[in-house]
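Text of entry30.pdb (PDB, C-alpha atoms, pLDDT in the B column) as supplied:
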```pdb
ATOM      1  CA  MET A   1       0.000   0.000   0.000  1.00 57.00           C
ATOM      2  CA  SER A   2       2.045   2.888  -1.290  1.00 65.00           C
ATOM      3  CA  GLN A   3      -0.772   5.428  -1.580  1.00 82.00           C
ATOM      4  CA  ARG A   4      -2.227   7.638   1.109  1.00 84.00           C
ATOM      5  CA  MET A   5      -5.563   6.589   2.608  1.00 88.00           C
ATOM      6  CA  GLU A   6      -8.625   8.620   3.542  1.00 89.00           C
ATOM      7  CA  GLU A   7     -10.246   8.221   6.943  1.00 89.00           C
ATOM      8  CA  PRO A   8     -13.438   6.106   6.797  1.00 87.00           C
ATOM      9  CA  LYS A   9     -16.879   7.633   6.804  1.00 86.00           C
ATOM     10  CA  THR A  10     -18.978   4.438   6.774  1.00 87.00           C
ATOM     11  CA  LEU A  11     -18.792   1.003   8.387  1.00 83.00           C
ATOM     12  CA  GLY A  12     -18.131  -0.488   4.961  1.00 84.00           C
ATOM     13  CA  GLU A  13     -15.082   1.760   4.502  1.00 87.00           C
ATOM     14  CA  CYS A  14     -13.927   0.826   7.993  1.00 86.00           C
ATOM     15  CA  TRP A  15     -13.989  -2.846   7.159  1.00 82.00           C
ATOM     16  CA  SER A  16     -12.246  -2.265   3.822  1.00 86.00           C
ATOM     17  CA  ILE A  17      -9.386  -0.673   5.759  1.00 87.00           C
ATOM     18  CA  PHE A  18      -9.186  -3.623   8.147  1.00 85.00           C
ATOM     19  CA  GLU A  19      -9.098  -6.026   5.203  1.00 85.00           C
ATOM     20  CA  LYS A  20      -6.189  -4.138   3.629  1.00 84.00           C
ATOM     21  CA  PHE A  21      -4.226  -4.749   6.809  1.00 83.00           C
ATOM     22  CA  GLY A  22      -5.026  -8.474   6.806  1.00 83.00           C
ATOM     23  CA  PHE A  23      -7.730  -8.631   9.439  1.00 81.00           C
ATOM     24  CA  THR A  24     -10.386 -11.388   9.277  1.00 75.00           C
ATOM     25  CA  LYS A  25     -14.014 -10.341   9.362  1.00 69.00           C
ATOM     26  CA  PRO A  26     -15.536 -11.113  12.796  1.00 65.00           C
ATOM     27  CA  ARG A  27     -18.732 -13.078  13.261  1.00 59.00           C
ATOM     28  CA  ILE A  28     -20.348 -10.386  15.376  1.00 62.00           C
ATOM     29  CA  PRO A  29     -22.144  -7.603  13.498  1.00 62.00           C
ATOM     30  CA  LEU A  30     -20.076  -4.568  12.622  1.00 67.00           C
ATOM     31  CA  ASP A  31     -20.756  -1.506  14.732  1.00 74.00           C
ATOM     32  CA  GLU A  32     -19.508   2.014  15.433  1.00 77.00           C
ATOM     33  CA  SER A  33     -16.629   0.634  17.534  1.00 79.00           C
ATOM     34  CA  LEU A  34     -14.720   0.000  14.299  1.00 79.00           C
ATOM     35  CA  PHE A  35     -14.263   3.702  13.575  1.00 84.00           C
ATOM     36  CA  PRO A  36     -11.567   4.609  16.170  1.00 87.00           C
ATOM     37  CA  ASN A  37      -9.290   1.706  15.265  1.00 86.00           C
ATOM     38  CA  ALA A  38      -9.832   2.162  11.526  1.00 87.00           C
ATOM     39  CA  ARG A  39      -8.938   5.847  11.788  1.00 88.00           C
ATOM     40  CA  LEU A  40      -5.868   4.965  13.843  1.00 89.00           C
ATOM     41  CA  LEU A  41      -4.709   2.498  11.179  1.00 89.00           C
ATOM     42  CA  VAL A  42      -5.152   5.136   8.477  1.00 90.00           C
ATOM     43  CA  ARG A  43      -3.212   7.741  10.432  1.00 90.00           C
ATOM     44  CA  MET A  44      -0.386   5.306  11.184  1.00 90.00           C
ATOM     45  CA  HIS A  45      -0.255   4.285   7.517  1.00 88.00           C
ATOM     46  CA  ASN A  46      -0.122   7.882   6.298  1.00 88.00           C
ATOM     47  CA  ALA A  47       2.501   8.799   8.903  1.00 89.00           C
ATOM     48  CA  HIS A  48       4.589   5.865   7.678  1.00 88.00           C
ATOM     49  CA  LEU A  49       4.346   7.150   4.098  1.00 86.00           C
ATOM     50  CA  ASP A  50       5.310  10.648   5.252  1.00 86.00           C
ATOM     51  CA  GLU A  51       8.441   9.208   6.876  1.00 86.00           C
ATOM     52  CA  ILE A  52       9.306   7.268   3.718  1.00 86.00           C
ATOM     53  CA  GLU A  53       8.930  10.439   1.631  1.00 84.00           C
ATOM     54  CA  ARG A  54      11.152  12.350   4.067  1.00 85.00           C
ATOM     55  CA  LEU A  55      13.851   9.693   3.977  1.00 84.00           C
ATOM     56  CA  THR A  56      13.594   9.518   0.183  1.00 83.00           C
ATOM     57  CA  ARG A  57      14.131  13.281  -0.087  1.00 84.00           C
ATOM     58  CA  GLU A  58      17.155  13.036   2.194  1.00 82.00           C
ATOM     59  CA  ARG A  59      18.546  10.154   0.134  1.00 83.00           C
ATOM     60  CA  ASP A  60      18.055  12.077  -3.119  1.00 81.00           C
ATOM     61  CA  ALA A  61      19.689  15.160  -1.604  1.00 79.00           C
ATOM     62  CA  LEU A  62      22.703  13.094  -0.540  1.00 77.00           C
ATOM     63  CA  GLN A  63      22.937  11.511  -3.995  1.00 76.00           C
ATOM     64  CA  LEU A  64      22.921  14.969  -5.574  1.00 77.00           C
ATOM     65  CA  ALA A  65      25.624  16.126  -3.161  1.00 74.00           C
ATOM     66  CA  VAL A  66      27.796  13.138  -4.076  1.00 74.00           C
ATOM     67  CA  THR A  67      27.215  13.767  -7.789  1.00 74.00           C
ATOM     68  CA  GLU A  68      28.151  17.441  -7.420  1.00 71.00           C
ATOM     69  CA  TYR A  69      31.296  16.525  -5.485  1.00 68.00           C
ATOM     70  CA  GLU A  70      32.350  13.976  -8.108  1.00 68.00           C
ATOM     71  CA  PHE A  71      31.674  16.556 -10.837  1.00 69.00           C
ATOM     72  CA  TRP A  72      33.793  19.141  -8.996  1.00 65.00           C
ATOM     73  CA  ILE A  73      36.692  16.714  -8.524  1.00 62.00           C
ATOM     74  CA  LYS A  74      36.606  15.662 -12.190  1.00 63.00           C
ATOM     75  CA  ASN A  75      36.084  19.038 -13.849  1.00 61.00           C
ATOM     76  CA  ILE A  76      37.416  21.602 -11.395  1.00 57.00           C
ATOM     77  CA  GLY A  77      39.467  19.974  -8.650  1.00 54.00           C
ATOM     78  CA  ASN A  78      42.273  18.504 -10.745  1.00 58.00           C
ATOM     79  CA  PRO A  79      42.968  21.584 -12.929  1.00 59.00           C
ATOM     80  CA  ALA A  80      42.779  23.806  -9.844  1.00 60.00           C
ATOM     81  CA  LYS A  81      45.209  21.516  -8.033  1.00 63.00           C
ATOM     82  CA  LYS A  82      47.658  21.656 -10.955  1.00 63.00           C
ATOM     83  CA  ALA A  83      47.376  25.431 -11.177  1.00 63.00           C
ATOM     84  CA  ASN A  84      47.967  25.726  -7.436  1.00 64.00           C
ATOM     85  CA  SER A  85      51.081  23.523  -7.623  1.00 68.00           C
ATOM     86  CA  ALA A  86      52.492  25.480 -10.563  1.00 63.00           C
ATOM     87  CA  MET A  87      51.910  28.822  -8.885  1.00 64.00           C
ATOM     88  CA  ARG A  88      53.511  27.517  -5.710  1.00 67.00           C
ATOM     89  CA  GLU A  89      56.615  26.535  -7.685  1.00 67.00           C
ATOM     90  CA  ALA A  90      56.836  30.003  -9.233  1.00 63.00           C
ATOM     91  CA  LEU A  91      56.300  31.797  -5.931  1.00 65.00           C
ATOM     92  CA  GLU A  92      58.850  29.643  -4.151  1.00 66.00           C
ATOM     93  CA  TRP A  93      61.421  30.665  -6.767  1.00 63.00           C
ATOM     94  CA  TYR A  94      60.694  34.352  -6.173  1.00 60.00           C
ATOM     95  CA  GLU A  95      60.700  33.772  -2.419  1.00 59.00           C
ATOM     96  CA  ASP A  96      64.230  32.336  -2.466  1.00 63.00           C
ATOM     97  CA  ASP A  97      66.617  35.065  -1.259  1.00 60.00           C
ATOM     98  CA  ALA A  98      69.486  33.553  -3.243  1.00 63.00           C
ATOM     99  CA  ASN A  99      67.742  34.318  -6.525  1.00 59.00           C
ATOM    100  CA  TRP A 100      67.189  37.953  -5.581  1.00 54.00           C
ATOM    101  CA  ARG A 101      70.554  38.463  -3.898  1.00 55.00           C
ATOM    102  CA  GLY A 102      72.406  37.687  -7.100  1.00 53.00           C
ATOM    103  CA  ILE A 103      70.188  40.078  -9.042  1.00 50.00           C
ATOM    104  CA  LEU A 104      70.505  42.975  -6.571  1.00 51.00           C
ATOM    105  CA  THR A 105      74.290  42.695  -6.156  1.00 51.00           C
ATOM    106  CA  GLY A 106      74.971  42.178  -9.823  1.00 52.00           C
ATOM    107  CA  SER A 107      76.861  39.013  -9.025  1.00 49.00           C
ATOM    108  CA  SER A 108      74.428  36.813 -10.886  1.00 47.00           C
ATOM    109  CA  ASN A 109      73.868  36.407 -14.573  1.00 45.00           C
ATOM    110  CA  ILE A 110      70.150  36.227 -13.801  1.00 46.00           C
ATOM    111  CA  HIS A 111      68.439  39.501 -14.617  1.00 46.00           C
ATOM    112  CA  ILE A 112      65.047  40.722 -13.586  1.00 51.00           C
ATOM    113  CA  ASP A 113      62.867  38.485 -15.691  1.00 54.00           C
ATOM    114  CA  GLY A 114      59.618  40.452 -15.770  1.00 56.00           C
ATOM    115  CA  GLY A 115      57.664  37.411 -14.644  1.00 58.00           C
ATOM    116  CA  GLN A 116      59.216  35.040 -17.182  1.00 63.00           C
ATOM    117  CA  ARG A 117      59.795  32.403 -14.517  1.00 59.00           C
ATOM    118  CA  ALA A 118      56.130  32.485 -13.524  1.00 58.00           C
ATOM    119  CA  ARG A 119      55.020  32.229 -17.143  1.00 61.00           C
ATOM    120  CA  SER A 120      57.284  29.265 -17.820  1.00 64.00           C
ATOM    121  CA  VAL A 121      55.913  27.422 -14.808  1.00 60.00           C
ATOM    122  CA  LEU A 122      52.300  28.211 -15.629  1.00 58.00           C
ATOM    123  CA  ALA A 123      52.905  26.936 -19.153  1.00 63.00           C
ATOM    124  CA  LYS A 124      53.245  23.489 -17.618  1.00 59.00           C
ATOM    125  CA  ILE A 125      49.533  23.467 -16.933  1.00 55.00           C
ATOM    126  CA  ASP A 126      47.562  21.754 -19.673  1.00 51.00           C
ATOM    127  CA  LYS A 127      45.623  24.530 -21.358  1.00 50.00           C
ATOM    128  CA  LYS A 128      42.741  22.199 -22.183  1.00 49.00           C
ATOM    129  CA  GLU A 129      42.406  21.112 -18.569  1.00 46.00           C
ATOM    130  CA  SER A 130      42.519  24.642 -17.199  1.00 45.00           C
ATOM    131  CA  GLU A 131      39.778  25.888 -19.512  1.00 53.00           C
ATOM    132  CA  THR A 132      36.596  24.501 -17.966  1.00 60.00           C
ATOM    133  CA  VAL A 133      33.157  25.186 -19.364  1.00 68.00           C
ATOM    134  CA  THR A 134      30.881  27.138 -17.067  1.00 75.00           C
ATOM    135  CA  LEU A 135      27.563  25.321 -16.978  1.00 80.00           C
ATOM    136  CA  ARG A 136      24.261  27.133 -16.690  1.00 86.00           C
ATOM    137  CA  PRO A 137      22.461  26.244 -13.423  1.00 86.00           C
ATOM    138  CA  GLU A 138      19.632  24.642 -15.405  1.00 89.00           C
ATOM    139  CA  VAL A 139      22.058  22.482 -17.418  1.00 91.00           C
ATOM    140  CA  ARG A 140      23.962  21.408 -14.328  1.00 89.00           C
ATOM    141  CA  TRP A 141      20.740  20.511 -12.501  1.00 92.00           C
ATOM    142  CA  PHE A 142      19.466  18.429 -15.428  1.00 94.00           C
ATOM    143  CA  ALA A 143      22.846  16.732 -15.822  1.00 93.00           C
ATOM    144  CA  GLU A 144      22.542  15.687 -12.187  1.00 92.00           C
ATOM    145  CA  GLN A 145      19.089  14.201 -12.878  1.00 93.00           C
ATOM    146  CA  MET A 146      20.585  12.262 -15.793  1.00 94.00           C
ATOM    147  CA  GLU A 147      23.430  10.971 -13.623  1.00 92.00           C
ATOM    148  CA  LEU A 148      21.046   9.822 -10.891  1.00 92.00           C
ATOM    149  CA  VAL A 149      19.097   7.768 -13.429  1.00 92.00           C
ATOM    150  CA  LEU A 150      22.320   6.312 -14.852  1.00 92.00           C
ATOM    151  CA  GLN A 151      23.502   5.310 -11.385  1.00 90.00           C
ATOM    152  CA  GLN A 152      20.215   3.539 -10.721  1.00 90.00           C
ATOM    153  CA  ASN A 153      20.847   1.464 -13.856  1.00 87.00           C
ATOM    154  CA  ASP A 154      24.545   0.752 -13.374  1.00 85.00           C
ATOM    155  CA  HIS A 155      23.771  -2.948 -12.932  1.00 85.00           C
ATOM    156  CA  LYS A 156      22.740  -3.125 -16.608  1.00 86.00           C
ATOM    157  CA  GLY A 157      26.229  -2.344 -17.851  1.00 84.00           C
ATOM    158  CA  GLY A 158      27.473   0.431 -20.133  1.00 86.00           C
ATOM    159  CA  TRP A 159      26.534   1.529 -23.625  1.00 90.00           C
ATOM    160  CA  THR A 160      29.865   1.731 -25.440  1.00 86.00           C
ATOM    161  CA  ASP A 161      29.241  -1.555 -27.253  1.00 86.00           C
ATOM    162  CA  CYS A 162      25.667  -0.697 -28.261  1.00 89.00           C
ATOM    163  CA  GLU A 163      24.812  -0.138 -31.914  1.00 90.00           C
ATOM    164  CA  TRP A 164      23.342   3.223 -32.815  1.00 91.00           C
ATOM    165  CA  GLU A 165      20.205   1.548 -34.218  1.00 92.00           C
ATOM    166  CA  TYR A 166      19.410   0.115 -30.784  1.00 93.00           C
ATOM    167  CA  LEU A 167      20.088   3.404 -28.997  1.00 94.00           C
ATOM    168  CA  ILE A 168      17.940   5.444 -31.401  1.00 94.00           C
ATOM    169  CA  SER A 169      15.134   2.908 -30.985  1.00 94.00           C
ATOM    170  CA  ARG A 170      15.323   3.249 -27.213  1.00 94.00           C
ATOM    171  CA  THR A 171      15.402   7.031 -27.553  1.00 95.00           C
ATOM    172  CA  HIS A 172      12.112   6.885 -29.494  1.00 95.00           C
ATOM    173  CA  GLU A 173      10.587   4.609 -26.845  1.00 94.00           C
ATOM    174  CA  GLU A 174      11.581   6.930 -24.024  1.00 95.00           C
ATOM    175  CA  PHE A 175      10.300   9.929 -26.008  1.00 95.00           C
ATOM    176  CA  HIS A 176       6.857   8.342 -26.291  1.00 95.00           C
ATOM    177  CA  GLU A 177       6.908   7.526 -22.575  1.00 95.00           C
ATOM    178  CA  LEU A 178       7.726  11.166 -21.830  1.00 95.00           C
ATOM    179  CA  ARG A 179       4.897  12.360 -24.072  1.00 95.00           C
ATOM    180  CA  ALA A 180       2.443   9.964 -22.406  1.00 94.00           C
ATOM    181  CA  SER A 181       3.543  11.192 -18.982  1.00 93.00           C
ATOM    182  CA  LEU A 182       2.910  14.791 -20.045  1.00 94.00           C
ATOM    183  CA  GLU A 183      -0.478  13.989 -21.587  1.00 93.00           C
ATOM    184  CA  VAL A 184      -1.829  12.264 -18.469  1.00 94.00           C
ATOM    185  CA  GLY A 185      -0.471  14.974 -16.210  1.00 92.00           C
ATOM    186  CA  ASP A 186       1.957  12.897 -14.153  1.00 92.00           C
ATOM    187  CA  ALA A 187       3.724  14.378 -11.146  1.00 92.00           C
ATOM    188  CA  PRO A 188       6.745  16.619 -11.932  1.00 92.00           C
ATOM    189  CA  GLU A 189       9.118  13.988 -10.516  1.00 92.00           C
ATOM    190  CA  ALA A 190       7.850  11.399 -13.009  1.00 93.00           C
ATOM    191  CA  ILE A 191       8.104  13.817 -15.942  1.00 94.00           C
ATOM    192  CA  ILE A 192      11.652  14.786 -14.953  1.00 95.00           C
ATOM    193  CA  ARG A 193      12.608  11.107 -14.774  1.00 94.00           C
ATOM    194  CA  GLU A 194      11.198  10.435 -18.258  1.00 95.00           C
ATOM    195  CA  ALA A 195      12.961  13.509 -19.661  1.00 96.00           C
ATOM    196  CA  ALA A 196      16.242  12.303 -18.136  1.00 95.00           C
ATOM    197  CA  ASP A 197      15.727   8.907 -19.799  1.00 95.00           C
ATOM    198  CA  VAL A 198      15.359  10.570 -23.203  1.00 96.00           C
ATOM    199  CA  ALA A 199      18.414  12.751 -22.612  1.00 95.00           C
ATOM    200  CA  ASN A 200      20.536   9.818 -21.453  1.00 94.00           C
ATOM    201  CA  PHE A 201      19.938   7.818 -24.614  1.00 95.00           C
ATOM    202  CA  ALA A 202      20.663  10.907 -26.717  1.00 95.00           C
ATOM    203  CA  MET A 203      23.881  11.321 -24.714  1.00 94.00           C
ATOM    204  CA  MET A 204      24.809   7.691 -25.385  1.00 93.00           C
ATOM    205  CA  LEU A 205      24.366   8.240 -29.116  1.00 92.00           C
ATOM    206  CA  ALA A 206      26.648  11.262 -28.968  1.00 91.00           C
ATOM    207  CA  ASP A 207      29.186   9.421 -26.808  1.00 89.00           C
ATOM    208  CA  ILE A 208      29.642   6.434 -29.113  1.00 88.00           C
ATOM    209  CA  HIS A 209      30.224   8.832 -32.008  1.00 86.00           C
ATOM    210  CA  ARG A 210      32.969  10.798 -30.278  1.00 79.00           C
ATOM    211  CA  ILE A 211      35.375   8.388 -31.926  1.00 61.00           C
ATOM    212  CA  ASP A 212      35.854   8.645 -35.639  1.00 47.00           C
ATOM    213  CA  LYS A 213      36.582   4.962 -36.206  1.00 51.00           C
ATOM    214  CA  LYS A 214      37.809   5.514 -39.736  1.00 44.00           C
ATOM    215  CA  GLU A 215      40.355   8.187 -38.864  1.00 45.00           C
ATOM    216  CA  GLY A 216      41.088   6.966 -35.329  1.00 53.00           C
ATOM    217  CA  GLU A 217      40.552  10.355 -33.751  1.00 51.00           C
ATOM    218  CA  SER A 218      40.522  10.815 -29.987  1.00 46.00           C
ATOM    219  CA  ARG A 219      37.258  10.445 -28.030  1.00 47.00           C
ATOM    220  CA  ASP A 220      37.847  13.822 -26.511  1.00 50.00           C
ATOM    221  CA  LYS A 221      38.273  15.820 -29.690  1.00 50.00           C
ATOM    222  CA  PRO A 222      36.023  18.891 -29.301  1.00 50.00           C
ATOM    223  CA  ILE A 223      33.218  19.497 -31.768  1.00 49.00           C
ATOM    224  CA  GLU A 224      33.814  22.713 -33.677  1.00 50.00           C
ATOM    225  CA  SER A 225      30.980  25.174 -34.018  1.00 47.00           C
ATOM    226  CA  PRO A 226      29.653  25.663 -37.556  1.00 42.00           C
TER     227      PRO A 226
END
```
Structure translated into structure tokens:
Amino acid sequence: MSQRMEEPKTLGECWSIFEKFGFTKPRIPLDESLFPNARLLVRMHNAHLDEIERLTRERDALQLAVTEYEFWIKNIGNPAKKANSAMREALEWYEDDANWRGILTGSSNIHIDGGQRARSVLAKIDKKESETVTLRPEVRWFAEQMELVLQQNDHKGGWTDCEWEYLISRTHEEFHELRASLEVGDAPEAIIREAADVANFAMMLADIHRIDKKEGESRDKPIESP
């Protein structure tokens, strides 16, 4: 019983509630004494559902937090860590008195470099890794919904070996499910889930085509704008 229940208004509704909880109909005639216990069962049932919904929201919030953290580590943390290390190396060079003492006394063949040392160190950072795309809040939120759905289906395996014909067929199926969900007026959570399904299969199609098998290009080659 995953749906909320209404408190009974008749003896028949009272007994229907008792039956749902597995009670056997007594031999004695039904009377008004059924109402208090039936109402108590309904309230306990609804309170149980409220607790499940609360725990589900907490679980989803934690899953989103984990997804955001993993995204940060993958797309921001590593480049930031490399940049921090490179800057530290440059600053440590400038901090070393020996480097400056030779310059100030004229006893060193090192001349004031105008920041050349810093530039040479910063050049060690991979330009591609340091240039991260800033995602719109709406795109980031929807990407998180997609990832949650993918994680729930991890047991099915990946998609890298799937043929595009299969993936496009599944995309059409999920599209029709999304349309049906919209037409019947499903809850927003259900519509979001269906939309994430459609987007995930579209993503899979794009992912398997990141490799140009004929020319052997890298998976991570960026797509140039027209």
* To do: Identify, on the basis of all atoms listed in the file, every residue whose closest approach to region 135-143 of chain A does not exceed 12 Å; exclude the query and any residue fewer than 4 positions from it along the same chain; express the result as JSON, numbers by chain.
  => {"A": [64, 65, 67, 68, 71, 72, 75, 76, 147, 148, 149, 150, 192, 193, 194, 195, 196, 197, 198, 199, 200, 203]}
* To do: Would you write out, as a PyMOL selection string, every residue that the PyMOL selection byres ((chain A and resi 12-23) around 12) captures in this file?
  => chain A and resi 1-2+4-11+24-26+29-45
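The two atoms in question, CA of Arg210 (chain A) and CA of Asp161 (chain A), are spaced 13.3 Å apart.
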* Structure fact -> Expressed in Å, the length from CA of Pro188 (chain A) to CA of Gln145 (chain A) is 12.6 Å
* Mind telling me what the PyMOL selection byres ((chain A and resi 155-160) around 12) catches here, as an NGL selection string? -> :A and (149-154 or 161-164 or 166-167 or 170 or 200-211 or 219)
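Put simply, CA of Glu58 (chain A) is 17.9 Å away from CA of Ala190 (chain A).
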